[in-house]
$ cat run06.cif   # mmCIF, C-alpha atoms and all ligand atoms
data_start
loop_
_atom_site.group_PDB
_atom_site.id
_atom_site.type_symbol
_atom_site.label_atom_id
_atom_site.label_comp_id
_atom_site.auth_asym_id
_atom_site.auth_seq_id
_atom_site.Cartn_x
_atom_site.Cartn_y
_atom_site.Cartn_z
ATOM 1 C CA MET K 71 5.389 -16.834 -29.650
ATOM 2 C CA ALA K 72 7.965 -19.413 -30.609
ATOM 3 C CA ILE K 73 8.511 -20.830 -34.074
ATOM 4 C CA ILE K 74 8.917 -24.599 -33.831
ATOM 5 C CA ALA K 75 10.127 -26.596 -36.821
ATOM 6 C CA SER K 76 10.667 -30.296 -37.368
ATOM 7 C CA ASN K 77 13.076 -31.438 -40.063
ATOM 8 C CA PHE K 78 12.423 -35.110 -40.816
ATOM 9 C CA LYS K 79 15.584 -35.386 -42.943
ATOM 10 C CA THR K 80 15.615 -38.936 -44.429
ATOM 11 C CA ASN K 81 13.094 -40.297 -41.942
ATOM 12 C CA HIS K 82 9.422 -41.257 -42.079
ATOM 13 C CA THR K 83 7.441 -42.745 -44.921
ATOM 14 C CA ARG K 84 4.451 -41.290 -46.710
ATOM 15 C CA LYS K 85 2.180 -43.224 -44.371
ATOM 16 C CA SER K 86 3.939 -42.359 -41.115
ATOM 17 C CA THR K 87 4.231 -38.710 -42.175
ATOM 18 C CA ALA K 88 0.473 -38.496 -42.675
ATOM 19 C CA SER K 89 -0.253 -39.956 -39.262
ATOM 20 C CA PHE K 90 2.375 -37.705 -37.615
ATOM 21 C CA ILE K 91 0.890 -34.584 -39.206
ATOM 22 C CA ASN K 92 -2.676 -35.556 -38.347
ATOM 23 C CA GLU K 93 -1.723 -36.226 -34.746
ATOM 24 C CA VAL K 94 0.138 -32.941 -34.398
ATOM 25 C CA ALA K 95 -2.656 -31.001 -36.134
ATOM 26 C CA THR K 96 -5.256 -32.427 -33.756
ATOM 27 C CA PHE K 97 -3.094 -31.586 -30.761
ATOM 28 C CA VAL K 98 -2.563 -28.018 -31.965
ATOM 29 C CA GLU K 99 -6.275 -27.515 -32.540
ATOM 30 C CA GLU K 100 -7.456 -29.089 -29.278
ATOM 31 C CA ASN K 101 -4.982 -27.100 -27.215
ATOM 32 C CA ASN K 102 -5.401 -23.777 -29.020
ATOM 33 C CA ILE K 103 -1.688 -23.657 -29.695
ATOM 34 C CA ASP K 104 -0.645 -20.504 -31.478
ATOM 35 C CA ASN K 105 3.032 -21.338 -32.051
ATOM 36 C CA GLU K 106 4.057 -21.119 -35.658
ATOM 37 C CA ILE K 107 4.846 -24.713 -36.604
ATOM 38 C CA PHE K 108 6.766 -26.026 -39.598
ATOM 39 C CA ILE K 109 7.122 -29.651 -40.651
ATOM 40 C CA PHE K 110 9.587 -30.687 -43.347
ATOM 41 C CA PRO K 111 8.844 -34.255 -44.461
ATOM 42 C CA PRO K 112 10.870 -36.079 -47.115
ATOM 43 C CA SER K 113 9.708 -35.113 -50.615
ATOM 44 C CA THR K 114 8.047 -38.507 -51.210
ATOM 45 C CA ALA K 115 5.667 -37.748 -48.329
ATOM 46 C CA LEU K 116 4.557 -34.285 -49.454
ATOM 47 C CA ASP K 117 0.795 -34.057 -49.769
ATOM 48 C CA SER K 118 -2.184 -31.823 -48.964
ATOM 49 C CA PHE K 119 -3.098 -32.075 -45.300
ATOM 50 C CA GLU K 120 -5.999 -30.743 -43.254
ATOM 51 C CA ILE K 121 -4.120 -28.475 -40.915
ATOM 52 C CA SER K 122 -4.695 -25.148 -39.234
ATOM 53 C CA SER K 123 -3.084 -22.048 -40.670
ATOM 54 C CA ASN K 124 -0.313 -21.944 -38.046
ATOM 55 C CA ILE K 125 1.081 -25.268 -39.310
ATOM 56 C CA LYS K 126 3.058 -25.148 -42.536
ATOM 57 C CA ILE K 127 4.397 -28.075 -44.501
ATOM 58 C CA GLY K 128 7.661 -27.328 -46.262
ATOM 59 C CA ALA K 129 10.109 -28.934 -48.653
ATOM 60 C CA GLN K 130 13.535 -29.923 -47.315
ATOM 61 C CA ASN K 131 14.962 -29.139 -50.721
ATOM 62 C CA ALA K 132 13.964 -28.451 -54.300
ATOM 63 C CA TYR K 133 15.789 -27.399 -57.428
ATOM 64 C CA ALA K 134 15.620 -23.858 -58.797
ATOM 65 C CA THR K 135 13.210 -24.801 -61.541
ATOM 66 C CA GLN K 136 9.556 -25.202 -62.296
ATOM 67 C CA LYS K 137 10.195 -28.454 -64.173
ATOM 68 C CA GLY K 138 12.771 -29.892 -66.533
ATOM 69 C CA SER K 139 15.516 -32.488 -66.787
ATOM 70 C CA PHE K 140 17.160 -32.587 -63.364
ATOM 71 C CA THR K 141 17.241 -36.242 -62.425
ATOM 72 C CA GLY K 142 16.433 -36.867 -58.806
ATOM 73 C CA GLU K 143 15.275 -33.318 -58.107
ATOM 74 C CA ILE K 144 11.838 -31.757 -57.722
ATOM 75 C CA GLY K 145 10.713 -28.291 -58.791
ATOM 76 C CA THR K 146 7.787 -26.007 -58.205
ATOM 77 C CA SER K 147 5.347 -28.082 -60.290
ATOM 78 C CA GLN K 148 5.727 -30.860 -57.735
ATOM 79 C CA LEU K 149 5.372 -28.409 -54.835
ATOM 80 C CA ASP K 150 2.433 -26.542 -56.361
ATOM 81 C CA GLU K 151 0.493 -29.788 -56.545
ATOM 82 C CA PHE K 152 0.227 -29.628 -52.762
ATOM 83 C CA GLY K 153 0.230 -25.865 -52.285
ATOM 84 C CA ILE K 154 3.675 -25.943 -50.665
ATOM 85 C CA LYS K 155 5.162 -22.492 -50.273
ATOM 86 C CA THR K 156 7.890 -23.110 -47.697
ATOM 87 C CA ILE K 157 11.421 -24.393 -48.265
ATOM 88 C CA LEU K 158 14.581 -25.091 -46.269
ATOM 89 C CA ILE K 159 17.691 -23.734 -47.961
ATOM 90 C CA GLY K 160 21.347 -24.004 -46.935
ATOM 91 C CA HIS K 161 21.022 -26.853 -44.466
ATOM 92 C CA SER K 162 24.448 -28.039 -43.331
ATOM 93 C CA GLU K 163 23.814 -31.569 -44.574
ATOM 94 C CA ARG K 164 23.235 -30.189 -48.056
ATOM 95 C CA ARG K 165 26.296 -27.950 -47.769
ATOM 96 C CA HIS K 166 28.678 -30.493 -46.266
ATOM 97 C CA VAL K 167 27.366 -33.943 -47.176
ATOM 98 C CA LEU K 168 25.910 -33.125 -50.599
ATOM 99 C CA ASN K 169 28.482 -30.427 -51.379
ATOM 100 C CA GLU K 170 26.010 -27.725 -52.346
ATOM 101 C CA SER K 171 28.071 -24.602 -52.954
ATOM 102 C CA GLN K 172 27.258 -21.099 -51.723
ATOM 103 C CA SER K 173 26.621 -19.986 -55.307
ATOM 104 C CA GLU K 174 24.163 -22.842 -55.913
ATOM 105 C CA ILE K 175 22.485 -22.047 -52.613
ATOM 106 C CA ALA K 176 22.247 -18.354 -53.490
ATOM 107 C CA LYS K 177 20.732 -19.214 -56.875
ATOM 108 C CA LYS K 178 18.148 -21.445 -55.239
ATOM 109 C CA TYR K 179 17.410 -18.735 -52.671
ATOM 110 C CA SER K 180 16.806 -16.074 -55.332
ATOM 111 C CA PHE K 181 14.567 -18.399 -57.323
ATOM 112 C CA TYR K 182 12.328 -19.246 -54.365
ATOM 113 C CA LYS K 183 12.387 -15.675 -53.111
ATOM 114 C CA GLU K 184 11.052 -14.439 -56.439
ATOM 115 C CA LEU K 185 8.152 -16.863 -56.023
ATOM 116 C CA GLY K 186 7.387 -15.565 -52.525
ATOM 117 C CA TYR K 187 8.225 -18.774 -50.654
ATOM 118 C CA THR K 188 8.842 -18.673 -46.931
ATOM 119 C CA ILE K 189 12.511 -19.589 -46.766
ATOM 120 C CA VAL K 190 14.088 -21.118 -43.683
ATOM 121 C CA TYR K 191 17.726 -20.328 -44.385
ATOM 122 C CA CYS K 192 20.345 -22.263 -42.425
ATOM 123 C CA ILE K 193 23.804 -21.155 -41.426
ATOM 124 C CA GLY K 194 26.354 -22.603 -39.036
ATOM 125 C CA GLU K 195 30.020 -23.367 -38.557
ATOM 126 C CA PRO K 196 31.909 -26.671 -38.378
ATOM 127 C CA LEU K 197 33.842 -27.658 -35.245
ATOM 128 C CA GLU K 198 37.279 -26.470 -36.372
ATOM 129 C CA VAL K 199 35.883 -23.001 -37.017
ATOM 130 C CA LYS K 200 34.112 -22.892 -33.655
ATOM 131 C CA GLN K 201 37.397 -23.856 -32.009
ATOM 132 C CA SER K 202 39.075 -20.800 -33.524
ATOM 133 C CA GLY K 203 36.756 -18.497 -31.597
ATOM 134 C CA LEU K 204 33.710 -16.270 -31.959
ATOM 135 C CA GLU K 205 35.252 -13.842 -34.421
ATOM 136 C CA LYS K 206 36.184 -16.611 -36.881
ATOM 137 C CA THR K 207 32.799 -18.241 -36.340
ATOM 138 C CA LEU K 208 30.991 -15.046 -37.272
ATOM 139 C CA GLU K 209 33.250 -14.508 -40.273
ATOM 140 C CA TYR K 210 32.364 -18.020 -41.478
ATOM 141 C CA ILE K 211 28.657 -17.444 -40.901
ATOM 142 C CA TYR K 212 28.663 -14.104 -42.708
ATOM 143 C CA GLU K 213 30.183 -15.812 -45.755
ATOM 144 C CA GLN K 214 27.090 -17.989 -45.826
ATOM 145 C CA PHE K 215 25.073 -14.848 -46.512
ATOM 146 C CA GLU K 216 26.933 -14.214 -49.762
ATOM 147 C CA GLY K 217 24.376 -13.706 -52.522
ATOM 148 C CA ILE K 218 21.496 -13.877 -50.045
ATOM 149 C CA ASP K 219 18.993 -11.006 -49.797
ATOM 150 C CA THR K 220 18.613 -10.786 -46.030
ATOM 151 C CA ASN K 221 15.923 -8.114 -46.326
ATOM 152 C CA TYR K 222 13.530 -10.609 -47.899
ATOM 153 C CA GLU K 223 10.229 -10.353 -46.077
ATOM 154 C CA ASN K 224 9.504 -14.099 -45.863
ATOM 155 C CA LEU K 225 12.896 -15.053 -44.489
ATOM 156 C CA ILE K 226 13.422 -17.053 -41.315
ATOM 157 C CA LEU K 227 17.004 -17.818 -40.290
ATOM 158 C CA ALA K 228 18.216 -20.916 -38.491
ATOM 159 C CA TYR K 229 21.587 -21.018 -36.760
ATOM 160 C CA GLU K 230 22.680 -24.633 -36.667
ATOM 161 C CA PRO K 231 26.274 -25.229 -35.603
ATOM 162 C CA VAL K 232 27.419 -28.244 -37.618
ATOM 163 C CA TRP K 233 29.116 -29.846 -34.589
ATOM 164 C CA ALA K 234 25.821 -29.801 -32.686
ATOM 165 C CA ILE K 235 23.698 -31.432 -35.379
ATOM 166 C CA GLY K 236 22.752 -35.015 -34.640
ATOM 167 C CA THR K 237 25.566 -35.329 -32.117
ATOM 168 C CA GLY K 238 23.641 -34.928 -28.873
ATOM 169 C CA VAL K 239 25.940 -31.983 -28.084
ATOM 170 C CA THR K 240 23.874 -28.823 -27.780
ATOM 171 C CA ALA K 241 25.641 -25.471 -27.946
ATOM 172 C CA THR K 242 25.876 -23.780 -24.551
ATOM 173 C CA ASN K 243 23.456 -20.984 -23.787
ATOM 174 C CA ASP K 244 26.369 -18.553 -24.028
ATOM 175 C CA ASP K 245 27.419 -19.869 -27.457
ATOM 176 C CA ILE K 246 23.863 -19.473 -28.690
ATOM 177 C CA LYS K 247 23.434 -16.027 -27.162
ATOM 178 C CA ASN K 248 26.714 -14.721 -28.580
ATOM 179 C CA VAL K 249 26.086 -15.876 -32.125
ATOM 180 C CA HIS K 250 22.406 -14.973 -32.132
ATOM 181 C CA SER K 251 22.939 -11.469 -30.828
ATOM 182 C CA ALA K 252 25.695 -10.838 -33.390
ATOM 183 C CA ILE K 253 23.510 -12.047 -36.279
ATOM 184 C CA LYS K 254 20.510 -10.126 -34.963
ATOM 185 C CA GLU K 255 22.531 -6.927 -34.902
ATOM 186 C CA LYS K 256 23.037 -7.252 -38.660
ATOM 187 C CA ILE K 257 19.834 -8.959 -39.758
ATOM 188 C CA ASP K 258 16.451 -8.231 -38.290
ATOM 189 C CA LYS K 259 14.706 -11.535 -39.000
ATOM 190 C CA PRO K 260 13.331 -14.354 -36.873
ATOM 191 C CA LEU K 261 16.270 -16.561 -35.874
ATOM 192 C CA LEU K 262 15.872 -20.195 -34.832
ATOM 193 C CA TYR K 263 18.461 -22.333 -33.106
ATOM 194 C CA GLY K 264 19.045 -25.925 -34.219
ATOM 195 C CA GLY K 265 21.420 -28.659 -33.131
ATOM 196 C CA SER K 266 20.518 -31.368 -30.611
ATOM 197 C CA VAL K 267 17.501 -29.496 -29.277
ATOM 198 C CA LYS K 268 15.560 -31.895 -27.082
ATOM 199 C CA VAL K 269 12.183 -32.116 -25.368
ATOM 200 C CA ASN K 270 13.728 -31.119 -22.061
ATOM 201 C CA ASN K 271 15.910 -28.207 -23.212
ATOM 202 C CA VAL K 272 13.708 -26.619 -25.875
ATOM 203 C CA ASN K 273 12.028 -24.208 -23.485
ATOM 204 C CA GLU K 274 15.330 -23.038 -22.026
ATOM 205 C CA ILE K 275 16.899 -22.588 -25.466
ATOM 206 C CA CYS K 276 13.912 -20.752 -26.903
ATOM 207 C CA SER K 277 13.974 -18.432 -23.880
ATOM 208 C CA ILE K 278 17.502 -17.203 -24.614
ATOM 209 C CA GLU K 279 17.635 -13.621 -25.816
ATOM 210 C CA GLY K 280 17.728 -13.497 -29.601
ATOM 211 C CA VAL K 281 16.256 -16.987 -30.063
ATOM 212 C CA ASP K 282 12.860 -16.977 -31.755
ATOM 213 C CA GLY K 283 12.349 -20.722 -31.921
ATOM 214 C CA ALA K 284 13.957 -24.040 -32.774
ATOM 215 C CA LEU K 285 14.643 -26.197 -35.815
ATOM 216 C CA ILE K 286 14.703 -29.759 -34.570
ATOM 217 C CA GLY K 287 15.785 -33.023 -36.152
ATOM 218 C CA THR K 288 16.187 -36.210 -34.106
ATOM 219 C CA ALA K 289 14.135 -35.214 -31.052
ATOM 220 C CA SER K 290 11.122 -34.265 -33.171
ATOM 221 C CA TRP K 291 10.575 -37.443 -35.162
ATOM 222 C CA ILE K 292 8.196 -39.149 -32.743
ATOM 223 C CA ALA K 293 4.823 -37.390 -32.746
ATOM 224 C CA ASP K 294 4.442 -37.555 -28.949
ATOM 225 C CA ASP K 295 7.834 -35.906 -28.505
ATOM 226 C CA PHE K 296 7.068 -33.194 -31.024
ATOM 227 C CA LYS K 297 3.752 -32.504 -29.286
ATOM 228 C CA GLN K 298 5.637 -32.250 -25.986
ATOM 229 C CA ILE K 299 8.092 -29.827 -27.592
ATOM 230 C CA ILE K 300 5.161 -27.696 -28.743
ATOM 231 C CA GLU K 301 3.573 -27.935 -25.296
ATOM 232 C CA ASN K 302 6.852 -26.904 -23.646
ATOM 233 C CA THR K 303 7.121 -23.760 -25.749
ATOM 234 C CA LYS K 304 3.500 -22.711 -26.082
ATOM 235 C CA ASP K 305 3.689 -19.917 -23.538
ATOM 236 C CA LEU K 306 6.856 -18.272 -24.812
HETATM 237 P P1 LIG K 401 19.278 -32.583 -34.645
HETATM 238 O O1 LIG K 401 18.142 -32.006 -33.870
HETATM 239 O O2 LIG K 401 19.118 -34.058 -34.929
HETATM 240 O O3 LIG K 401 20.596 -32.254 -34.029
HETATM 241 O O4 LIG K 401 19.268 -31.900 -36.083
HETATM 242 C C1 LIG K 401 19.185 -30.525 -36.172
HETATM 243 C C2 LIG K 401 18.940 -30.164 -37.572
HETATM 244 O O5 LIG K 401 19.799 -30.330 -38.430
HETATM 245 C C3 LIG K 401 17.627 -29.631 -37.926
HETATM 246 O O6 LIG K 401 17.604 -29.137 -39.224
#
$ encode --input "run06.cif" --output "structure tokens"
Amino acid sequence: MAIIASNFKTNHTRKSTASFINEVATFVEENNIDNEIFIFPPSTALDSFEISSNIKIGAQNAYATQKGSFTGEIGTSQLDEFGIKTILIGHSERRHVLNESQSEIAKKYSFYKELGYTIVYCIGEPLEVKQSGLEKTLEYIYEQFEGIDTNYENLILAYEPVWAIGTGVTATNDDIKNVHSAIKEKIDKPLLYGGSVKVNNVNEICSIEGVDGALIGTASWIADDFKQIIENTKDL
């Protein structure tokens, strides 16, 4: 059974998110889909939705606080309002575009772990590291586990090579297999692949040994495409 996740990033409004989620929820129910599905809308679109238990709505980010004075951030009071118990942590755009440090990420991780959240924790190397080979790539990835309790029961990992995110360049099956099997040897947790996953390659990617599902950006933002992605992986 594959885990299929859609990260909306800075896309969709409150209104379009609601119609996307309703459409996907209906599809999942009518087709008896038992994939585990995650949807990460922008924080302005978080809400309570009528969805089956195999669909989870998560936050793309939140601060390590219940509430307080952290301008521009949200905390658990805002997530509790909608019963949200899932969060993405360590996404490469937060690491590299928003300069979130490993220590800030680890602090956030511990905070949400203590509260029992399902954490989708992202790791992945930039192009120059990938070009220095598998050993350097793994070294870089392992540094992203600094301060992270990898035995946490509600942890899902997502390997997202930075050079493959939003670029249309998917990692090769061998790249994925090599990194996934190395991580899996150390950490026994579900491990998703992300980075230019598309409707027509999602089945192949999710069938690679050591891949338990996909975390998808661009190709998942149109409801029909996301439904097709779910359809294409429902028998895995
Ligand atoms: P793309 O699917 O657009 O490459 O994004 C992947 C990603 O970052 C998902 O979190």
$ residues_around --input "run06.cif" --residues "Asn92 (chain K)" --least-positions-apart "2" --cutoff "8 Å" --atoms "only C-alpha atoms" --output "number ranges by chain"
K: 88-90, 94-96, 119-121
$ write_last_selection --input "run06.cif" --atoms "C-alpha atoms" --output "mmCIF file, keeping the file's coordinate frame"
data_model
loop_
_atom_site.group_PDB
_atom_site.id
_atom_site.type_symbol
_atom_site.label_atom_id
_atom_site.label_comp_id
_atom_site.auth_asym_id
_atom_site.auth_seq_id
_atom_site.Cartn_x
_atom_site.Cartn_y
_atom_site.Cartn_z
ATOM 1 C CA ALA K 88 0.473 -38.496 -42.675
ATOM 2 C CA SER K 89 -0.253 -39.956 -39.262
ATOM 3 C CA PHE K 90 2.375 -37.705 -37.615
ATOM 4 C CA VAL K 94 0.138 -32.941 -34.398
ATOM 5 C CA ALA K 95 -2.656 -31.001 -36.134
ATOM 6 C CA THR K 96 -5.256 -32.427 -33.756
ATOM 7 C CA PHE K 119 -3.098 -32.075 -45.300
ATOM 8 C CA GLU K 120 -5.999 -30.743 -43.254
ATOM 9 C CA ILE K 121 -4.120 -28.475 -40.915
#
$ closest_residue --input "run06.cif" --among "K:Ile157, K:Ala134, K:Ile193, K:Leu208" --to "Lys178 (chain K)" --atoms "all atoms listed in the file"
K:Ala134
$ resolve_selection --input "run06.cif" --expression "the PyMOL selection byres (((chain K and resi 213) around 12) and not hetatm)" --output "JSON, numbers by chain"
{"K": [171, 172, 173, 176, 193, 194, 195, 206, 207, 208, 209, 210, 211, 212, 214, 215, 216, 217, 218]}
$ residues_near_ligand --input "run06.cif" --ligand "ligand LIG 401 (chain K)" --cutoff "9 Å" --atoms "only C-alpha atoms and all ligand atoms" --output "ChimeraX atom specification"
/K:75-79,158,161-163,192,228,230-240,263-268,284-290
$ residues_around --input "run06.cif" --residues "Ile125 (chain K)" --least-positions-apart "2" --cutoff "8 Å" --atoms "all atoms listed in the file" --output "list in words"
Ala95, Glu106, Ile107, Phe108, Ile109, Ile121, Ser122, Ser123 and Ile127 of chain K
$ closest_residue --input "run06.cif" --among "K:Gly138, K:Gly280, K:Met71, K:Asn131" --to "Asp244 (chain K)" --atoms "all atoms listed in the file"
K:Gly280
$ closest_residue --input "run06.cif" --among "K:Glu151, K:Ile73, K:Gln136, K:Glu170" --to "Tyr182 (chain K)" --atoms "all atoms listed in the file"
K:Gln136
$ atom_distance --input "run06.cif" --atom1 "CA of Leu185 (chain K)" --atom2 "CA of Gly160 (chain K)"
17.5 Å
$ atom_distance --input "run06.cif" --atom1 "CA of Lys85 (chain K)" --atom2 "CA of Leu262 (chain K)"
28.4 Å
$ atom_distance --input "run06.cif" --atom1 "CA of His250 (chain K)" --atom2 "CA of Pro112 (chain K)"
28.3 Å
$ closest_residue --input "run06.cif" --among "K:Asp245, K:Glu184, K:Asp150, K:Glu100" --to "Glu279 (chain K)" --atoms "all atoms listed in the file"
K:Asp245
$ resolve_selection --input "run06.cif" --expression "the PyMOL selection byres (((chain K and resi 104) around 8) and not hetatm)" --output "PyMOL selection string"
chain K and resi 71+98+102-103+105-106+124+304
$ write_last_selection --input "run06.cif" --atoms "C-alpha atoms" --output "compact mmCIF listing (two decimals), in the frame of the given file"
# COMPACT_ATOMS: atom_id res chain seq x y z
CA MET K 71 5.39 -16.83 -29.65
CA VAL K 98 -2.56 -28.02 -31.96
CA ASN K 102 -5.40 -23.78 -29.02
CA ILE K 103 -1.69 -23.66 -29.70
CA ASN K 105 3.03 -21.34 -32.05
CA GLU K 106 4.06 -21.12 -35.66
CA ASN K 124 -0.31 -21.94 -38.05
CA LYS K 304 3.50 -22.71 -26.08
$ axis_aligned_box --input "run06.cif" --around "region 73-83 of chain K" --padding-each-side "5 Å" --output "lines of an AutoDock Vina configuration file"
center_x = 11.5
center_y = -31.8
center_z = -39.4
size_x = 18.2
size_y = 31.9
size_z = 21.1
$ residues_near_point --input "run06.cif" --point "(14.5, -20.3, -46.3)" --cutoff "8 Å" --atoms "all atoms listed in the file" --output "PyMOL selection string"
chain K and resi 156-160+179+187-192+224-227
$ closest_residue --input "run06.cif" --among "K:Phe110, K:Val249, K:Gly283, K:Ala72" --to "Lys200 (chain K)" --atoms "all atoms listed in the file"
K:Val249
